[in-house]
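Below is one structure; the comments refer to it alone.
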Amino acid sequence: MAAVSLSGKNILLGVTGGVAAYKAAELCRLLRKAGADVRVGMTEAAKRFVTPLTFQSLSGKPVLTSIWEAADGDGMAHIRASREADLILVAPATAEFLAKLAHGRADDLLSTLCLARSVPLYVAPAMNQAMWSAAPTQRNLAQLHADGVRVLGPAAGEQACGETGPGRMLEPAELLAELLAGHVHGELAGRRVVVTAGPTFEPIDPVRGLTNRSSGKMGYAVASAAREAGAAVCLVSGPTCLAVPAGVRRVDVETAAQMRAAVLAELPADVFIAVAAVADYRVETAARQKLKKDASGLRLELTPTPDILAEVAARADAPFCVGFAAETENLIAHAEAKRQRKNVPLLVANLAQDTFGRDSAELVLLDAAGRHPLPRADKTVQARAIIRHIAAHLN
Ligand code: CTP
């Protein structure tokens, strides 16, 4: 079963300096056995616990240890190594390494590889229980969670130092199982998902425009949850202040017309999730120069923007389309009418005044089977529930 599960996957295995480094050797062997191509990167401290030769023998490739080795060729080996990987797994990850990651430091090869990545990063912490529970470590972990880093473990139990508590690295077989669940056997593994998020901005003149209160948080959470479920995700985003979720490819747009073009360029796809609050109108002709104040007032001629969701849903090769409806009244009636009008199998409804800009949301999913309420919860939690619902429709 596991023998073929990771075939074709390039895994960059980072090893940092803790006693559990000896278990990373076994992990390397298991990853290879599961079909993965493994490249190992070690910190200087890790080399004091296990030699690079061990990992070279197990991975069948030279081990990446020094940033200065990259001085030959174009000197970009560190960028390439992280680009060629499908995922990075740092196991064991020491308290020191987690601190470095949380602060975006890049003073050695492994931390540089992690910072330069555009792929998911998994870390398997291993440290003394007091170091794990220490406030700075917990602060760093909160930051890593917020940055989309996936933290596997640690387990609680007896430690090398003789103490007992949380901080023990998960066993190699457990780490392999976690990777398979999240990355390979995810509910959307192998699917292409396109998500729109944020507001659009329709210019009036070079300094002003029409926009709305969408923060983009829900769309970004949905993109992140789809990625977590194993999909290849493209996030077409209007202007927001949010960071790109790990492993997600973002295309930045400003206007509804640009959003439409960017979405169409990503098709065909398996799933299209339209979370963006697209402006319904744009100014017919935006002024080339800044408009001057005029005591008699200003009249703007507005033209409708293209309805991206309805257009995608009407295509012969339409992906599974999901719409969002933020209403201010008569939620269910308006949302169900919208679902029918746009001809989408699934619509996520919410009250705009309860949702916009907030970290949590109360939602109702509407599909042919009826209503599925999702009581108020963090948008990350809601996004995962939406992705599960979509996966159930697809599978
Ligand atoms: N949508 C879209 N393109 C548009 C407008 C909306 O893709 N030009 C999508 C949104 O991303 C959302 C859904 O359609 O998934 C519903 O958006 P909403 O603004 O509520 O719908 P409208 O058709 O604009 O209806 P309303 O009259 O309520 O504004």
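Quick note on naming: the chains in the structure tokens go A, B, ... in the order shown, residues restart at 1 in each chain, and ligands are numbered from 1 in order of appearance.
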
Could you pull out all residues of stretch 117-347 of chain A with a DSSP call of strand (DSSP E or B) and give them as a PyMOL selection string?
chain A and resi 121-125+150-151+155-158+164-168+192-197+199+202-205+208-210+232-237+249-252+271-274+277+281-283+302-304+320-327+346-347

Who sits within 12 Å of stretch 359-376 of chain A, only C-alpha atoms, same chain under 2 positions skipped, as a ChimeraX atom specification:
/A:214-221,321-327,331-340,343-357,378-390,393

Taking only C-alpha atoms and all ligand atoms into account, which residues have an atom no farther than 6 Å from ligand 1? I'd like them as number ranges by chain.
A: 274-278, 280, 305-309, 323-326

DSSP helix (DSSP H, G or I) selection over stretch 107-297 of chain A, as an MDAnalysis selection string
chainID A and resid 109:115 129:133 135:146 172:184 217:228 256:266

Residue with smallest distance to A:Phe272 - pool A:Thr255, A:Thr240, A:Ala197, A:Ile88, counting only C-alpha atoms:
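Once distances to A:Phe272 are computed over only C-alpha atoms, the minimum belongs to A:Ala197.
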
Would you list the contacts of A:Leu110 as a compact mmCIF listing (two decimals) with N, CA and C atoms, in the first residue's frame, taking every protein, DNA or RNA residue within 7 Å and counting only C-alpha atoms, but skipping same-chain residues closer than 2 positions in sequence?
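File selection.txt, as written:
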```
# COMPACT_ATOMS: atom_id res chain seq x y z
N GLY A 14 14.72 17.83 6.06
CA GLY A 14 15.65 18.66 6.83
C GLY A 14 15.90 18.01 8.18
N GLY A 41 18.85 17.71 3.82
CA GLY A 41 19.59 18.91 4.19
C GLY A 41 19.84 18.86 5.69
N MET A 42 21.09 19.09 6.11
CA MET A 42 21.41 19.01 7.54
C MET A 42 21.98 20.32 8.05
N THR A 43 21.69 20.60 9.32
CA THR A 43 22.36 21.75 9.95
C THR A 43 23.70 21.27 10.51
N ASP A 108 21.67 29.69 7.66
CA ASP A 108 22.35 28.47 7.23
C ASP A 108 21.55 27.88 6.07
N THR A 112 17.57 28.67 5.00
CA THR A 112 17.43 29.39 3.73
C THR A 112 16.50 28.63 2.80
N LEU A 113 16.68 27.31 2.74
CA LEU A 113 15.80 26.48 1.90
C LEU A 113 14.35 26.65 2.33
N CYS A 114 14.12 26.68 3.63
CA CYS A 114 12.75 26.81 4.15
C CYS A 114 12.17 28.18 3.80
```

Write out as number ranges by chain the residues lying within 10 Å of A:Leu291, counting only C-alpha atoms and excluding same-chain residues fewer than 4 positions away.
A: 204-208, 286-287, 298

For atom CA of A:Ala257 and atom CA of A:Gly209, determine how far apart the two atoms are, in Å to one decimal place.
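So the answer is 14.4 Å.
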
So that I can check the surroundings of A:Ala261, please list as a compact mmCIF listing (two decimals) with C-alpha atoms, in the first residue's frame every protein, DNA and RNA residue that reaches within 12 Å of it, counting only C-alpha atoms and ignoring chain neighbours fewer than 5 positions away.
```
# COMPACT_ATOMS: atom_id res chain seq x y z
CA THR A 196 -11.15 33.89 -6.04
CA VAL A 236 -6.86 34.72 -7.83
CA VAL A 251 -2.31 35.59 -9.07
CA ASP A 252 -2.85 39.22 -8.05
CA VAL A 253 -5.55 41.24 -9.78
CA GLU A 254 -7.30 44.52 -9.18
CA THR A 255 -10.45 44.83 -11.29
CA ALA A 256 -13.32 42.42 -12.03
CA GLU A 266 -6.63 28.80 -15.13
CA LEU A 267 -9.37 26.62 -16.69
CA PRO A 306 -18.91 40.41 -15.98
CA ASP A 307 -20.37 37.76 -13.66
CA ILE A 308 -17.37 35.45 -13.40
CA GLU A 311 -19.85 32.51 -16.86
CA VAL A 312 -17.64 29.70 -15.54
```

For stretch 192-270 of chain A against stretch 117-137 of chain A, with a cut-off of 10 Å and counting only C-alpha atoms, what is the closest atom pair and its distance in Å to one decimal for every residue that makes the cut, ordered by chain and number, as CSV?
```
residue,atom,partner,partner_atom,distance
A:Arg227,CA,A:Pro120,CA,8.7
A:Glu228,CA,A:Pro120,CA,8.7
A:Val244,CA,A:Ser118,CA,9.5
A:Pro245,CA,A:Pro120,CA,9.0
A:Ala246,CA,A:Pro120,CA,5.3
A:Gly247,CA,A:Val119,CA,4.2
A:Val248,CA,A:Ser118,CA,7.7
A:Arg249,CA,A:Ser118,CA,8.2
```

Generate a file of the selected residues that holds N, CA and C atoms, formatted as an mmCIF file, in the first residue's frame.
```cif
data_model
loop_
_atom_site.group_PDB
_atom_site.id
_atom_site.type_symbol
_atom_site.label_atom_id
_atom_site.label_comp_id
_atom_site.auth_asym_id
_atom_site.auth_seq_id
_atom_site.Cartn_x
_atom_site.Cartn_y
_atom_site.Cartn_z
ATOM 1 N N ARG A 227 -5.565 23.302 -0.262
ATOM 2 C CA ARG A 227 -4.179 22.856 -0.384
ATOM 3 C C ARG A 227 -3.880 21.762 0.650
ATOM 4 N N GLU A 228 -4.358 22.005 1.865
ATOM 5 C CA GLU A 228 -4.185 21.017 2.937
ATOM 6 C C GLU A 228 -4.766 19.674 2.543
ATOM 7 N N VAL A 244 0.393 34.945 1.211
ATOM 8 C CA VAL A 244 0.017 33.801 0.373
ATOM 9 C C VAL A 244 0.083 32.535 1.219
ATOM 10 N N PRO A 245 -0.996 31.730 1.261
ATOM 11 C CA PRO A 245 -0.920 30.489 2.042
ATOM 12 C C PRO A 245 0.135 29.542 1.451
ATOM 13 N N ALA A 246 0.781 28.769 2.328
ATOM 14 C CA ALA A 246 1.855 27.874 1.892
ATOM 15 C C ALA A 246 1.368 26.918 0.813
ATOM 16 N N GLY A 247 2.168 26.767 -0.214
ATOM 17 C CA GLY A 247 1.847 25.794 -1.250
ATOM 18 C C GLY A 247 0.799 26.258 -2.249
ATOM 19 N N VAL A 248 0.308 27.480 -2.071
ATOM 20 C CA VAL A 248 -0.733 28.002 -2.966
ATOM 21 C C VAL A 248 -0.085 28.976 -3.951
ATOM 22 N N ARG A 249 -0.520 28.922 -5.214
ATOM 23 C CA ARG A 249 -0.004 29.874 -6.205
ATOM 24 C C ARG A 249 -0.987 31.032 -6.284
#
```

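Computed from the coordinates, the atom CA of A:Lys23 to atom CA of A:Met169 distance equals 8.8 Å.
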
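Of the residues listed (A:Pro239, A:Asp37, A:Glu329, A:Thr94), A:Pro239 shows the shortest atom-to-atom separation from A:Gln258; distances use only C-alpha atoms.
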
Looking at only C-alpha atoms, which of A:Leu300, A:Ala229, A:Leu170, A:Ala36 is the one that sits closest to A:Pro154?
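Going through A:Leu300, A:Ala229, A:Leu170, A:Ala36 one by one, the smallest distance to A:Pro154 is for A:Leu170.
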
Extract, using only C-alpha atoms, all DNA, RNA and protein residues at most 8 Å from A:Leu6, discarding same-chain residues fewer than 6 positions from it, and format them as an MDAnalysis selection string.
chainID A and resid 31 34:36 180 184

Go ahead and write the selection's residues with N, CA, C and O atoms as a PDB file, in the first residue's frame.
```
ATOM      1  N   LEU A  31      10.693   6.851   3.746  1.00  0.00           N
ATOM      2  CA  LEU A  31      10.214   7.723   2.659  1.00  0.00           C
ATOM      3  C   LEU A  31      10.637   7.151   1.307  1.00  0.00           C
ATOM      4  O   LEU A  31       9.865   7.124   0.351  1.00  0.00           O
ATOM      5  N   ALA A  34       8.607   4.218   0.432  1.00  0.00           N
ATOM      6  CA  ALA A  34       7.254   4.592   0.000  1.00  0.00           C
ATOM      7  C   ALA A  34       7.274   5.196  -1.403  1.00  0.00           C
ATOM      8  O   ALA A  34       6.248   5.637  -1.906  1.00  0.00           O
ATOM      9  N   GLY A  35       8.454   5.255  -2.019  1.00  0.00           N
ATOM     10  CA  GLY A  35       8.515   5.689  -3.421  1.00  0.00           C
ATOM     11  C   GLY A  35       9.015   7.103  -3.627  1.00  0.00           C
ATOM     12  O   GLY A  35       9.146   7.560  -4.756  1.00  0.00           O
ATOM     13  N   ALA A  36       9.292   7.831  -2.529  1.00  0.00           N
ATOM     14  CA  ALA A  36       9.701   9.232  -2.682  1.00  0.00           C
ATOM     15  C   ALA A  36      11.165   9.354  -3.078  1.00  0.00           C
ATOM     16  O   ALA A  36      11.984   8.488  -2.781  1.00  0.00           O
ATOM     17  N   LEU A 180       1.198  11.060   4.284  1.00  0.00           N
ATOM     18  CA  LEU A 180       0.302  10.403   3.331  1.00  0.00           C
ATOM     19  C   LEU A 180      -1.121  10.948   3.472  1.00  0.00           C
ATOM     20  O   LEU A 180      -1.779  11.232   2.482  1.00  0.00           O
ATOM     21  N   VAL A 184      -0.954  13.199   0.271  1.00  0.00           N
ATOM     22  CA  VAL A 184      -1.181  12.286  -0.849  1.00  0.00           C
ATOM     23  C   VAL A 184      -2.610  11.768  -0.874  1.00  0.00           C
ATOM     24  O   VAL A 184      -3.271  11.781  -1.905  1.00  0.00           O
TER      25      VAL A 184
END
```

Of A:Ala392, A:Leu12, A:Ala156, A:Leu27, the one nearest to A:Arg39 when counting only C-alpha atoms is A:Leu12

Quick one: pull the distance between atom CA of A:Ala262 and atom CA of A:Asn212, Å, one decimal.
20.1 Å

Using only C-alpha atoms: which of A:Leu175, A:Ile79, A:Leu152, A:Val233 has the shortest distance to A:Ala189:
A:Val233
